[in-house]
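Asker: Quick one: this structure, given as structure tokens, is what I'll be asking you about.
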Amino acid sequence: MKTIIKYYGKYAVMIIVSLLFLTGEAICELQLPGYMSKLVSEGIGSANMDMIWNYGWRMIVISLLACVCAIMVGFFSSKVAANVSRDLRGDMFKKVMNFANEEYNKFSVSSLITRSTNDITQIQMLTILFLRLIMFAPIMGIGGVIKAVEHSSGITSLAYVIVAAIAIVILLIIFALAVVQPKFIKMQKQIDDVNQIANDELNGMMVIRAFNTQSHEENRFDKANKDLTSTSLFTSRMMALLMPIMTIVMNGVMVAIVWLFAYQVEDITQVSNMMAFMQYALQIIMSFMMISMIFIILPRAVVSIKRVSEVLSMDISIKNAEGKEEPTGERFKGDVKFEDVSYSYGGGANAVENITFEAKSGEVTALIGSTGSGKSTIVNLIPRLMDATKGKVTIDGVDVKDINLKDLRNNIGFVPQKNTLFSGTVASNIGYGVEEPTADILDKSAQIAQASEFINSSPDGMQREIAQGGSNVSGGQKQRIAIARALSKNSPINIFDDSFSALDFKTDAKLRMALGEEMSDATVIIVAQRVGTIKNADSIVVLDDGKIVGIGKHEELLKSCPTYLDIARSQLSEEELGL
Ligand code: ADP
Ligand code: MG
């Protein structure tokens, strides 16, 4: 809650101005019935044209004033609400951008999207309503009572009518809160679900078609959709029911007032009093209804506020060490060292354990092992996509946790296993990590990554459009663009996580040769499944089930490491093995 309130501080002036106008509007509104009553009794009643003009003018001026105030209030309250929700959305996005794996796993993507759209809209609506009513309703309520007493012609039973009406309104609110409130809480969750399923299904369209599971998926979506529909129908119906009941209450009050006055009316003064009293009574009841509106909207908005502040107040686990907030722009030599590193994704078991090895600059270090053996986990620890649970990763002898994140990542060219291209052009994707990529840099990176051929074969060349997620290029082409993207940064440390798997053997070989030539003094870490890809590496780290079972060169490992021999046997012929 506190996290959100902070956001209003910035707009305090606007809020105060809005409240002042609101007070003005309320005061004007309170004057009108009084003048009308005078207009009737002193003007119309005694056929005094001067008085009619006199009060008539005042009423027109006051109405106009009230109107101007109302417009200003609308202007400022919408502005505050829109600005606050813009700030909230912006900060939420920034926050999520800095989420590490750990935080990211706590929210689903769809929930994050609902939170930054629908939930913030709820907060926006509450803000508008709150600013509109917060001063208005109390002034109208209290002022209305005072004025009504003035015009009651001493009929005490009128008070009972109003008290009874207010009691009914309050009862209705309590009923609405008890019945509707829990549903509102459920509704935000259900919106999450619908988004989640829609997101899932749109992303997995190909798989759904290939497995002919359209009807299953339709049912799944249908269920979530129906749940949401029935909840929102229920709440809307309840709300819709309230309105006619309120109207009945109001009309009942009118009838009662006329009835009570009817026994007393002797002259025009009392008719005019009755007219004024009616209006004040309406204002009092209205002010209670307004407050009730807040109570109806508040619970849903509170749920939204909680959901938004959950994201905003999340502790970011991966951040700059103290005193390292500013990037220095230094370039590393690039010696990467793992010292007894373990990492656990949570739940006790370690995904990798006691990892100790070195990747020196100017050398190619390879990681090989079956799927799930922890290769990606290990390389993700270098750019601090996650932090080691135990032990430390160092670059040039400095713990990565003590390096400014920007510096650290600027020094690393990373090709993740699951790489993503962004919508744009081939050029915008390859130059993604460089501030001002020149044509030279783009061409050279593409050349090393063996991407030039297919880039140039398209008539648009570097300007060829890339669809969202890179869905309009083949897997191998996507990999090569991702490799070129990492290379264009010309970093001292280059990490390729299973980046050659979608390449044919010939391209794989050519790429490695080009890499070797161009990156002779960089640190190259290659994660691979194919022995052929890493045979010539300066050092090969063999992983099995999260542990290192061998480190060495190809020939040595063939003799000393049974796991490596197994992998090699399954892929190479006896001749190639040379045993
Ligand atoms: P590799 O890259 O060698 O195929 P990974 O490093 O991706 O292996 O995975 C190592 C182990 O960690 C596997 O058992 C895998 O199931 C687990 N793992 C990987 N990513 C996550 C994650 N985000 N949350 C929980 N466990 C994970
Ligand atoms: Mg992997």
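Labels for the structure tokens follow display order: chains A, B, ..., residues from 1 in each chain, ligands from 1.
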Taking only C-alpha atoms and all ligand atoms into account, which residues are within 10 Å of ligand 2, as a PDB file with all heavy atoms, in the first residue's frame?
Answerer:
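Writing done, so here's part_37.pdb:
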ATOM      1  N   ILE A 368      30.861 -30.221 -22.316  1.00  0.00           N
ATOM      2  CA  ILE A 368      30.067 -31.241 -22.981  1.00  0.00           C
ATOM      3  C   ILE A 368      29.432 -32.133 -21.921  1.00  0.00           C
ATOM      4  O   ILE A 368      29.950 -32.263 -20.805  1.00  0.00           O
ATOM      5  CB  ILE A 368      30.933 -32.050 -23.986  1.00  0.00           C
ATOM      6  CG1 ILE A 368      30.040 -32.879 -24.899  1.00  0.00           C
ATOM      7  CG2 ILE A 368      31.958 -32.922 -23.266  1.00  0.00           C
ATOM      8  CD1 ILE A 368      30.753 -33.450 -26.106  1.00  0.00           C
ATOM      9  N   GLY A 369      28.319 -32.706 -22.260  1.00  0.00           N
ATOM     10  CA  GLY A 369      27.606 -33.565 -21.320  1.00  0.00           C
ATOM     11  C   GLY A 369      26.201 -33.783 -21.831  1.00  0.00           C
ATOM     12  O   GLY A 369      25.734 -33.055 -22.704  1.00  0.00           O
ATOM     13  N   SER A 370      25.535 -34.778 -21.278  1.00  0.00           N
ATOM     14  CA  SER A 370      24.191 -35.075 -21.766  1.00  0.00           C
ATOM     15  C   SER A 370      23.250 -33.931 -21.393  1.00  0.00           C
ATOM     16  O   SER A 370      23.597 -33.074 -20.587  1.00  0.00           O
ATOM     17  CB  SER A 370      23.704 -36.378 -21.140  1.00  0.00           C
ATOM     18  OG  SER A 370      23.841 -36.283 -19.751  1.00  0.00           O
ATOM     19  N   THR A 371      22.044 -33.907 -21.962  1.00  0.00           N
ATOM     20  CA  THR A 371      21.109 -32.835 -21.620  1.00  0.00           C
ATOM     21  C   THR A 371      20.748 -32.954 -20.149  1.00  0.00           C
ATOM     22  O   THR A 371      20.618 -34.052 -19.621  1.00  0.00           O
ATOM     23  CB  THR A 371      19.799 -32.919 -22.427  1.00  0.00           C
ATOM     24  OG1 THR A 371      19.370 -34.264 -22.408  1.00  0.00           O
ATOM     25  CG2 THR A 371      19.977 -32.452 -23.838  1.00  0.00           C
ATOM     26  N   GLY A 372      20.643 -31.810 -19.527  1.00  0.00           N
ATOM     27  CA  GLY A 372      20.306 -31.795 -18.113  1.00  0.00           C
ATOM     28  C   GLY A 372      21.507 -31.971 -17.214  1.00  0.00           C
ATOM     29  O   GLY A 372      21.373 -32.048 -15.993  1.00  0.00           O
ATOM     30  N   SER A 373      22.716 -32.023 -17.805  1.00  0.00           N
ATOM     31  CA  SER A 373      23.894 -32.228 -16.966  1.00  0.00           C
ATOM     32  C   SER A 373      24.374 -30.919 -16.336  1.00  0.00           C
ATOM     33  O   SER A 373      25.288 -30.923 -15.532  1.00  0.00           O
ATOM     34  CB  SER A 373      25.012 -32.883 -17.780  1.00  0.00           C
ATOM     35  OG  SER A 373      25.326 -32.086 -18.890  1.00  0.00           O
ATOM     36  N   GLY A 374      23.774 -29.795 -16.716  1.00  0.00           N
ATOM     37  CA  GLY A 374      24.091 -28.538 -16.027  1.00  0.00           C
ATOM     38  C   GLY A 374      24.939 -27.567 -16.815  1.00  0.00           C
ATOM     39  O   GLY A 374      25.424 -26.587 -16.266  1.00  0.00           O
ATOM     40  N   LYS A 375      25.069 -27.801 -18.119  1.00  0.00           N
ATOM     41  CA  LYS A 375      25.926 -26.931 -18.933  1.00  0.00           C
ATOM     42  C   LYS A 375      25.386 -25.497 -18.977  1.00  0.00           C
ATOM     43  O   LYS A 375      26.128 -24.541 -18.722  1.00  0.00           O
ATOM     44  CB  LYS A 375      26.034 -27.494 -20.364  1.00  0.00           C
ATOM     45  CG  LYS A 375      26.482 -28.937 -20.424  1.00  0.00           C
ATOM     46  CD  LYS A 375      26.579 -29.459 -21.835  1.00  0.00           C
ATOM     47  CE  LYS A 375      25.256 -29.503 -22.589  1.00  0.00           C
ATOM     48  NZ  LYS A 375      24.292 -30.512 -22.124  1.00  0.00           N
ATOM     49  N   SER A 376      24.105 -25.366 -19.286  1.00  0.00           N
ATOM     50  CA  SER A 376      23.527 -24.010 -19.380  1.00  0.00           C
ATOM     51  C   SER A 376      23.580 -23.323 -18.025  1.00  0.00           C
ATOM     52  O   SER A 376      23.862 -22.126 -17.932  1.00  0.00           O
ATOM     53  CB  SER A 376      22.080 -24.077 -19.845  1.00  0.00           C
ATOM     54  OG  SER A 376      22.020 -24.633 -21.127  1.00  0.00           O
ATOM     55  N   THR A 377      23.314 -24.080 -16.973  1.00  0.00           N
ATOM     56  CA  THR A 377      23.360 -23.496 -15.632  1.00  0.00           C
ATOM     57  C   THR A 377      24.730 -22.881 -15.394  1.00  0.00           C
ATOM     58  O   THR A 377      24.840 -21.755 -14.897  1.00  0.00           O
ATOM     59  CB  THR A 377      23.077 -24.593 -14.585  1.00  0.00           C
ATOM     60  OG1 THR A 377      21.871 -25.255 -14.945  1.00  0.00           O
ATOM     61  CG2 THR A 377      22.959 -24.006 -13.201  1.00  0.00           C
ATOM     62  N   ILE A 378      25.772 -23.604 -15.752  1.00  0.00           N
ATOM     63  CA  ILE A 378      27.132 -23.110 -15.519  1.00  0.00           C
ATOM     64  C   ILE A 378      27.399 -21.821 -16.285  1.00  0.00           C
ATOM     65  O   ILE A 378      27.844 -20.830 -15.702  1.00  0.00           O
ATOM     66  CB  ILE A 378      28.166 -24.197 -15.899  1.00  0.00           C
ATOM     67  CG1 ILE A 378      28.088 -25.336 -14.882  1.00  0.00           C
ATOM     68  CG2 ILE A 378      29.576 -23.614 -15.944  1.00  0.00           C
ATOM     69  CD1 ILE A 378      29.001 -26.488 -15.184  1.00  0.00           C
ATOM     70  N   VAL A 379      27.086 -21.813 -17.592  1.00  0.00           N
ATOM     71  CA  VAL A 379      27.426 -20.603 -18.351  1.00  0.00           C
ATOM     72  C   VAL A 379      26.549 -19.411 -17.952  1.00  0.00           C
ATOM     73  O   VAL A 379      26.995 -18.276 -18.006  1.00  0.00           O
ATOM     74  CB  VAL A 379      27.391 -20.811 -19.884  1.00  0.00           C
ATOM     75  CG1 VAL A 379      28.502 -21.742 -20.303  1.00  0.00           C
ATOM     76  CG2 VAL A 379      26.046 -21.285 -20.350  1.00  0.00           C
ATOM     77  N   ASN A 380      25.324 -19.675 -17.494  1.00  0.00           N
ATOM     78  CA  ASN A 380      24.463 -18.563 -17.070  1.00  0.00           C
ATOM     79  C   ASN A 380      25.013 -17.850 -15.837  1.00  0.00           C
ATOM     80  O   ASN A 380      24.635 -16.718 -15.546  1.00  0.00           O
ATOM     81  CB  ASN A 380      23.052 -19.065 -16.765  1.00  0.00           C
ATOM     82  CG  ASN A 380      22.275 -19.360 -18.025  1.00  0.00           C
ATOM     83  OD1 ASN A 380      22.664 -18.927 -19.102  1.00  0.00           O
ATOM     84  ND2 ASN A 380      21.203 -20.114 -17.896  1.00  0.00           N
ATOM     85  N   PRO A 416      22.568 -17.321 -25.895  1.00  0.00           N
ATOM     86  CA  PRO A 416      21.856 -18.253 -25.028  1.00  0.00           C
ATOM     87  C   PRO A 416      21.341 -19.463 -25.800  1.00  0.00           C
ATOM     88  O   PRO A 416      21.210 -19.416 -27.014  1.00  0.00           O
ATOM     89  CB  PRO A 416      20.697 -17.423 -24.482  1.00  0.00           C
ATOM     90  CG  PRO A 416      20.590 -16.238 -25.347  1.00  0.00           C
ATOM     91  CD  PRO A 416      21.844 -16.076 -26.118  1.00  0.00           C
ATOM     92  N   GLN A 417      21.078 -20.533 -25.046  1.00  0.00           N
ATOM     93  CA  GLN A 417      20.594 -21.739 -25.690  1.00  0.00           C
ATOM     94  C   GLN A 417      19.248 -21.473 -26.364  1.00  0.00           C
ATOM     95  O   GLN A 417      19.009 -21.875 -27.482  1.00  0.00           O
ATOM     96  CB  GLN A 417      20.431 -22.848 -24.650  1.00  0.00           C
ATOM     97  CG  GLN A 417      19.901 -24.136 -25.242  1.00  0.00           C
ATOM     98  CD  GLN A 417      20.117 -25.303 -24.308  1.00  0.00           C
ATOM     99  OE1 GLN A 417      20.193 -25.145 -23.098  1.00  0.00           O
ATOM    100  NE2 GLN A 417      20.232 -26.483 -24.860  1.00  0.00           N
ATOM    101  N   LYS A 418      18.390 -20.779 -25.618  1.00  0.00           N
ATOM    102  CA  LYS A 418      17.088 -20.472 -26.188  1.00  0.00           C
ATOM    103  C   LYS A 418      17.165 -19.029 -26.623  1.00  0.00           C
ATOM    104  O   LYS A 418      16.903 -18.120 -25.852  1.00  0.00           O
ATOM    105  CB  LYS A 418      16.011 -20.652 -25.122  1.00  0.00           C
ATOM    106  CG  LYS A 418      14.606 -20.523 -25.632  1.00  0.00           C
ATOM    107  CD  LYS A 418      13.622 -20.869 -24.526  1.00  0.00           C
ATOM    108  CE  LYS A 418      12.200 -20.628 -24.969  1.00  0.00           C
ATOM    109  NZ  LYS A 418      11.874 -19.212 -25.115  1.00  0.00           N
ATOM    110  N   ASP A 497      26.125 -21.069 -25.970  1.00  0.00           N
ATOM    111  CA  ASP A 497      25.428 -22.171 -25.311  1.00  0.00           C
ATOM    112  C   ASP A 497      24.670 -22.985 -26.341  1.00  0.00           C
ATOM    113  O   ASP A 497      23.597 -22.590 -26.788  1.00  0.00           O
ATOM    114  CB  ASP A 497      24.481 -21.626 -24.235  1.00  0.00           C
ATOM    115  CG  ASP A 497      23.892 -22.746 -23.382  1.00  0.00           C
ATOM    116  OD1 ASP A 497      24.163 -23.922 -23.694  1.00  0.00           O
ATOM    117  OD2 ASP A 497      23.175 -22.439 -22.418  1.00  0.00           O
ATOM    118  N   ASP A 498      25.248 -24.110 -26.690  1.00  0.00           N
ATOM    119  CA  ASP A 498      24.602 -25.018 -27.632  1.00  0.00           C
ATOM    120  C   ASP A 498      24.189 -24.280 -28.904  1.00  0.00           C
ATOM    121  O   ASP A 498      23.106 -24.488 -29.428  1.00  0.00           O
ATOM    122  CB  ASP A 498      23.353 -25.643 -26.982  1.00  0.00           C
ATOM    123  CG  ASP A 498      23.275 -27.124 -27.316  1.00  0.00           C
ATOM    124  OD1 ASP A 498      24.045 -27.567 -28.183  1.00  0.00           O
ATOM    125  OD2 ASP A 498      22.443 -27.822 -26.713  1.00  0.00           O
ATOM    126  N   SER A 499      25.088 -23.417 -29.393  1.00  0.00           N
ATOM    127  CA  SER A 499      24.703 -22.527 -30.481  1.00  0.00           C
ATOM    128  C   SER A 499      24.955 -23.111 -31.850  1.00  0.00           C
ATOM    129  O   SER A 499      24.619 -22.508 -32.860  1.00  0.00           O
ATOM    130  CB  SER A 499      25.479 -21.221 -30.383  1.00  0.00           C
ATOM    131  OG  SER A 499      25.433 -20.756 -29.078  1.00  0.00           O
ATOM    132  N   VAL A 527      29.469 -24.504 -25.425  1.00  0.00           N
ATOM    133  CA  VAL A 527      28.703 -25.632 -24.901  1.00  0.00           C
ATOM    134  C   VAL A 527      28.238 -26.433 -26.099  1.00  0.00           C
ATOM    135  O   VAL A 527      27.717 -25.861 -27.059  1.00  0.00           O
ATOM    136  CB  VAL A 527      27.479 -25.139 -24.109  1.00  0.00           C
ATOM    137  CG1 VAL A 527      26.572 -26.293 -23.756  1.00  0.00           C
ATOM    138  CG2 VAL A 527      27.917 -24.400 -22.858  1.00  0.00           C
ATOM    139  N   ALA A 528      28.464 -27.714 -26.090  1.00  0.00           N
ATOM    140  CA  ALA A 528      28.087 -28.486 -27.277  1.00  0.00           C
ATOM    141  C   ALA A 528      27.608 -29.878 -26.912  1.00  0.00           C
ATOM    142  O   ALA A 528      27.842 -30.378 -25.813  1.00  0.00           O
ATOM    143  CB  ALA A 528      29.264 -28.566 -28.227  1.00  0.00           C
ATOM    144  N   GLN A 529      26.890 -30.436 -27.842  1.00  0.00           N
ATOM    145  CA  GLN A 529      26.454 -31.830 -27.707  1.00  0.00           C
ATOM    146  C   GLN A 529      27.338 -32.715 -28.570  1.00  0.00           C
ATOM    147  O   GLN A 529      27.496 -33.895 -28.311  1.00  0.00           O
ATOM    148  CB  GLN A 529      25.019 -31.989 -28.235  1.00  0.00           C
ATOM    149  CG  GLN A 529      24.018 -31.040 -27.669  1.00  0.00           C
ATOM    150  CD  GLN A 529      23.340 -31.626 -26.479  1.00  0.00           C
ATOM    151  OE1 GLN A 529      23.587 -32.789 -26.144  1.00  0.00           O
ATOM    152  NE2 GLN A 529      22.503 -30.848 -25.823  1.00  0.00           N
TER     153      GLN A 529
END
Asker: May I have the residues within 6 Å of region 286-289 of chain A as a list in words, using only C-alpha atoms and disregarding those fewer than 3 positions away in the same chain?
Answerer: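 Close residues of region 286-289 of chain A: Ala137, Gly141, Leu282, Gln283 and Ser292 of chain A.
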Asker: Go through A:Thr114, A:Ser78, A:Asn429, A:Asn199 and flag the residue nearest Ala486 (chain A), using only C-alpha atoms for the distances.
Answerer: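 The shortest atom-to-atom distance to Ala486 (chain A) comes from A:Asn429.
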Asker: I want to know what sits within 7 Å of region 247-262 of chain A, based on only C-alpha atoms, with residues of the same chain fewer than 3 positions away left out; could you give that as a tab-separated table (two decimals) with N, CA, C and O atoms, in the first residue's frame?
Answerer:
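The resulting file, out-v1.tsv, is reproduced below:
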chain	number	residue	atom	x	y	z
A	158	LEU	N	-39.77	14.56	9.35
A	158	LEU	CA	-38.98	14.53	8.12
A	158	LEU	C	-37.62	13.88	8.38
A	158	LEU	O	-37.07	13.18	7.52
A	161	VAL	N	-37.60	10.23	7.93
A	161	VAL	CA	-37.61	9.79	6.52
A	161	VAL	C	-36.18	9.68	6.02
A	161	VAL	O	-35.77	8.68	5.43
A	165	ALA	N	-34.01	6.41	4.98
A	165	ALA	CA	-33.45	6.26	3.64
A	165	ALA	C	-31.95	5.93	3.71
A	165	ALA	O	-31.46	5.02	3.02
A	243	MET	N	-28.96	-0.24	-8.61
A	243	MET	CA	-29.42	1.04	-9.15
A	243	MET	C	-30.94	1.23	-9.03
A	243	MET	O	-31.39	2.21	-8.45
A	244	PRO	N	-31.75	0.29	-9.55
A	244	PRO	CA	-33.21	0.47	-9.41
A	244	PRO	C	-33.65	0.53	-7.96
A	244	PRO	O	-34.57	1.29	-7.62
A	265	VAL	N	-49.04	22.52	4.66
A	265	VAL	CA	-48.88	23.64	3.74
A	265	VAL	C	-50.02	24.64	3.89
A	265	VAL	O	-51.19	24.29	3.77
A	274	MET	N	-40.71	23.13	0.98
A	274	MET	CA	-40.83	21.72	0.63
A	274	MET	C	-39.94	21.41	-0.57
A	274	MET	O	-39.22	20.41	-0.60
A	278	MET	N	-36.79	18.85	-0.41
A	278	MET	CA	-36.68	17.68	-1.29
A	278	MET	C	-35.30	17.60	-1.91
A	278	MET	O	-34.66	16.56	-1.93
Asker: Write out as a list in words which residues come within 7 Å of Ala522 (chain A) when counting only C-alpha atoms, dropping same-chain ones fewer than 4 positions away.
Answerer: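 The residues that qualify are Gly334, Ser361, Gly362, Pro492 and Ile493 of chain A.
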Asker: Deliver the residues from the most recent selection as a file, using N, CA and C atoms, as a PDB file, in the first residue's frame.
Answerer:
ATOM      1  N   GLY A 334      39.831 -11.354 -19.570  1.00  0.00           N
ATOM      2  CA  GLY A 334      38.866 -12.393 -19.877  1.00  0.00           C
ATOM      3  C   GLY A 334      39.130 -13.771 -19.311  1.00  0.00           C
ATOM      4  N   SER A 361      41.890 -16.695 -21.359  1.00  0.00           N
ATOM      5  CA  SER A 361      41.741 -15.896 -22.562  1.00  0.00           C
ATOM      6  C   SER A 361      42.692 -16.435 -23.622  1.00  0.00           C
ATOM      7  N   GLY A 362      42.253 -16.335 -24.847  1.00  0.00           N
ATOM      8  CA  GLY A 362      43.033 -16.862 -25.956  1.00  0.00           C
ATOM      9  C   GLY A 362      42.823 -18.349 -26.165  1.00  0.00           C
ATOM     10  N   PRO A 492      35.716  -9.548 -24.937  1.00  0.00           N
ATOM     11  CA  PRO A 492      36.833 -10.422 -24.578  1.00  0.00           C
ATOM     12  C   PRO A 492      36.374 -11.824 -24.168  1.00  0.00           C
ATOM     13  N   ILE A 493      35.116 -11.931 -23.757  1.00  0.00           N
ATOM     14  CA  ILE A 493      34.603 -13.248 -23.369  1.00  0.00           C
ATOM     15  C   ILE A 493      33.408 -13.589 -24.248  1.00  0.00           C
TER      16      ILE A 493
END
Asker: List every residue of region 118-204 of chain A that has an atom at most 8 Å from any atom of region 225-239 of chain A, giving for each one its closest atom pair and the distance in Å to one decimal, counting only C-alpha atoms, sorted by chain and then by ascending residue number, as JSON lines.
Answerer:
{"residue": "A:Ala176", "atom": "CA", "partner": "A:Met238", "partner_atom": "CA", "distance": 7.3}
{"residue": "A:Val180", "atom": "CA", "partner": "A:Thr235", "partner_atom": "CA", "distance": 5.8}
{"residue": "A:Lys183", "atom": "CA", "partner": "A:Thr231", "partner_atom": "CA", "distance": 6.4}
{"residue": "A:Phe184", "atom": "CA", "partner": "A:Thr235", "partner_atom": "CA", "distance": 7.4}
{"residue": "A:Lys186", "atom": "CA", "partner": "A:Thr231", "partner_atom": "CA", "distance": 7.8}
{"residue": "A:Met187", "atom": "CA", "partner": "A:Leu228", "partner_atom": "CA", "distance": 6.4}
{"residue": "A:Gln190", "atom": "CA", "partner": "A:Leu228", "partner_atom": "CA", "distance": 5.6}
{"residue": "A:Ile191", "atom": "CA", "partner": "A:Leu228", "partner_atom": "CA", "distance": 6.7}
{"residue": "A:Val194", "atom": "CA", "partner": "A:Asn225", "partner_atom": "CA", "distance": 6.1}
Asker: Next, the residues of the selection above should be written as a tab-separated table (two decimals), in the first residue's frame with N, CA and C atoms.
Answerer:
chain	number	residue	atom	x	y	z
A	176	ALA	N	-23.98	-5.57	-0.63
A	176	ALA	CA	-23.16	-5.62	-1.83
A	176	ALA	C	-21.73	-6.03	-1.49
A	180	VAL	N	-20.58	-9.31	-3.19
A	180	VAL	CA	-19.85	-9.05	-4.42
A	180	VAL	C	-18.34	-9.03	-4.22
A	183	LYS	N	-16.13	-11.98	-4.96
A	183	LYS	CA	-16.10	-12.27	-6.39
A	183	LYS	C	-15.11	-11.37	-7.13
A	184	PHE	N	-15.00	-10.14	-6.66
A	184	PHE	CA	-14.07	-9.22	-7.30
A	184	PHE	C	-12.64	-9.72	-7.15
A	186	LYS	N	-11.76	-12.79	-6.84
A	186	LYS	CA	-11.63	-13.95	-7.71
A	186	LYS	C	-11.41	-13.51	-9.16
A	187	MET	N	-12.05	-12.41	-9.51
A	187	MET	CA	-12.05	-11.98	-10.90
A	187	MET	C	-10.64	-11.67	-11.41
A	190	GLN	N	-8.94	-14.73	-12.23
A	190	GLN	CA	-9.48	-15.37	-13.43
A	190	GLN	C	-9.02	-14.67	-14.71
A	191	ILE	N	-8.83	-13.36	-14.62
A	191	ILE	CA	-8.29	-12.64	-15.78
A	191	ILE	C	-6.88	-13.16	-16.06
A	194	VAL	N	-7.19	-16.52	-17.90
A	194	VAL	CA	-7.54	-16.40	-19.31
A	194	VAL	C	-6.33	-15.94	-20.12
Asker: Which neighbours of region 322-328 of chain A fall inside 10 Å, counting only C-alpha atoms, when residues of the same chain fewer than 2 positions from it are skipped, and could you give them as a list in words?
Answerer: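 Residues near the query, excluding close chain neighbours: Lys319, Asn320, Glu330, Arg331, Lys401, Asp402, Ile403, Asn404, Leu405, Lys406, Asp407, Leu408 and Asn410 of chain A.
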Asker: Any idea what's packed within 12 Å of Met519 (chain A), counting only C-alpha atoms, ignoring anything in its chain fewer than 5 positions away? Could you give it as a CSV table (one decimal) with N, CA, C and O atoms, in the first residue's frame?
Answerer:
chain,number,residue,atom,x,y,z
A,361,SER,N,41.9,-16.7,-21.4
A,361,SER,CA,41.7,-15.9,-22.6
A,361,SER,C,42.7,-16.4,-23.6
A,361,SER,O,43.8,-16.9,-23.3
A,362,GLY,N,42.3,-16.3,-24.8
A,362,GLY,CA,43.0,-16.9,-26.0
A,362,GLY,C,42.8,-18.3,-26.2
A,362,GLY,O,43.4,-19.0,-27.1
A,363,GLU,N,42.0,-19.0,-25.3
A,363,GLU,CA,41.7,-20.4,-25.5
A,363,GLU,C,40.3,-20.7,-25.7
A,363,GLU,O,39.4,-19.9,-25.4
A,364,VAL,N,40.0,-21.9,-26.3
A,364,VAL,CA,38.7,-22.3,-26.4
A,364,VAL,C,38.4,-23.4,-25.3
A,364,VAL,O,39.1,-24.4,-25.2
A,413,GLY,N,30.0,-11.6,-24.7
A,413,GLY,CA,29.2,-11.9,-25.9
A,413,GLY,C,28.5,-13.2,-25.6
A,413,GLY,O,29.1,-14.2,-25.4
A,445,SER,N,30.6,-9.4,-38.6
A,445,SER,CA,30.0,-10.3,-37.6
A,445,SER,C,29.2,-11.4,-38.4
A,445,SER,O,29.3,-12.6,-38.1
A,448,ILE,N,31.7,-13.9,-40.0
A,448,ILE,CA,32.2,-14.9,-39.1
A,448,ILE,C,31.1,-15.9,-38.7
A,448,ILE,O,31.4,-17.1,-38.6
A,487,LEU,N,28.8,-11.6,-31.6
A,487,LEU,CA,30.2,-11.3,-32.1
A,487,LEU,C,30.3,-9.8,-32.3
A,487,LEU,O,31.4,-9.2,-32.2
A,488,SER,N,29.2,-9.1,-32.7
A,488,SER,CA,29.3,-7.7,-33.1
A,488,SER,C,29.8,-6.9,-31.9
A,488,SER,O,30.3,-5.8,-32.0
A,490,ASN,N,32.2,-7.7,-30.0
A,490,ASN,CA,33.6,-7.8,-30.0
A,490,ASN,C,34.1,-7.9,-28.5
A,490,ASN,O,34.9,-7.1,-28.1
A,491,SER,N,33.5,-8.8,-27.8
A,491,SER,CA,33.8,-8.9,-26.3
A,491,SER,C,35.0,-9.8,-26.1
A,491,SER,O,35.3,-10.7,-26.8
A,492,PRO,N,35.7,-9.5,-24.9
A,492,PRO,CA,36.8,-10.4,-24.6
A,492,PRO,C,36.4,-11.8,-24.2
A,492,PRO,O,37.2,-12.8,-24.2
A,493,ILE,N,35.1,-11.9,-23.8
A,493,ILE,CA,34.6,-13.2,-23.4
A,493,ILE,C,33.4,-13.6,-24.2
A,493,ILE,O,32.5,-12.8,-24.4
A,494,ASN,N,33.4,-14.8,-24.8
A,494,ASN,CA,32.3,-15.1,-25.7
A,494,ASN,C,31.8,-16.5,-25.3
A,494,ASN,O,32.6,-17.5,-25.2
A,511,LEU,N,32.4,-22.2,-39.3
A,511,LEU,CA,32.2,-21.2,-38.3
A,511,LEU,C,33.2,-21.3,-37.2
A,511,LEU,O,33.8,-20.3,-36.8
A,512,ARG,N,33.6,-22.5,-36.8
A,512,ARG,CA,34.6,-22.6,-35.8
A,512,ARG,C,35.9,-22.2,-36.3
A,512,ARG,O,36.7,-21.6,-35.5
A,513,MET,N,36.2,-22.4,-37.6
A,513,MET,CA,37.5,-22.0,-38.1
A,513,MET,C,37.6,-20.5,-38.1
A,513,MET,O,38.5,-19.9,-37.7
A,514,ALA,N,36.5,-19.8,-38.6
A,514,ALA,CA,36.5,-18.3,-38.6
A,514,ALA,C,36.6,-17.8,-37.2
A,514,ALA,O,37.3,-16.8,-37.0
A,524,VAL,N,36.9,-18.1,-25.3
A,524,VAL,CA,35.7,-18.6,-26.0
A,524,VAL,C,35.2,-19.8,-25.2
A,524,VAL,O,36.0,-20.8,-24.9
A,525,ILE,N,34.0,-19.8,-24.8
A,525,ILE,CA,33.4,-21.0,-24.1
A,525,ILE,C,32.3,-21.5,-24.9
A,525,ILE,O,31.3,-20.8,-25.3
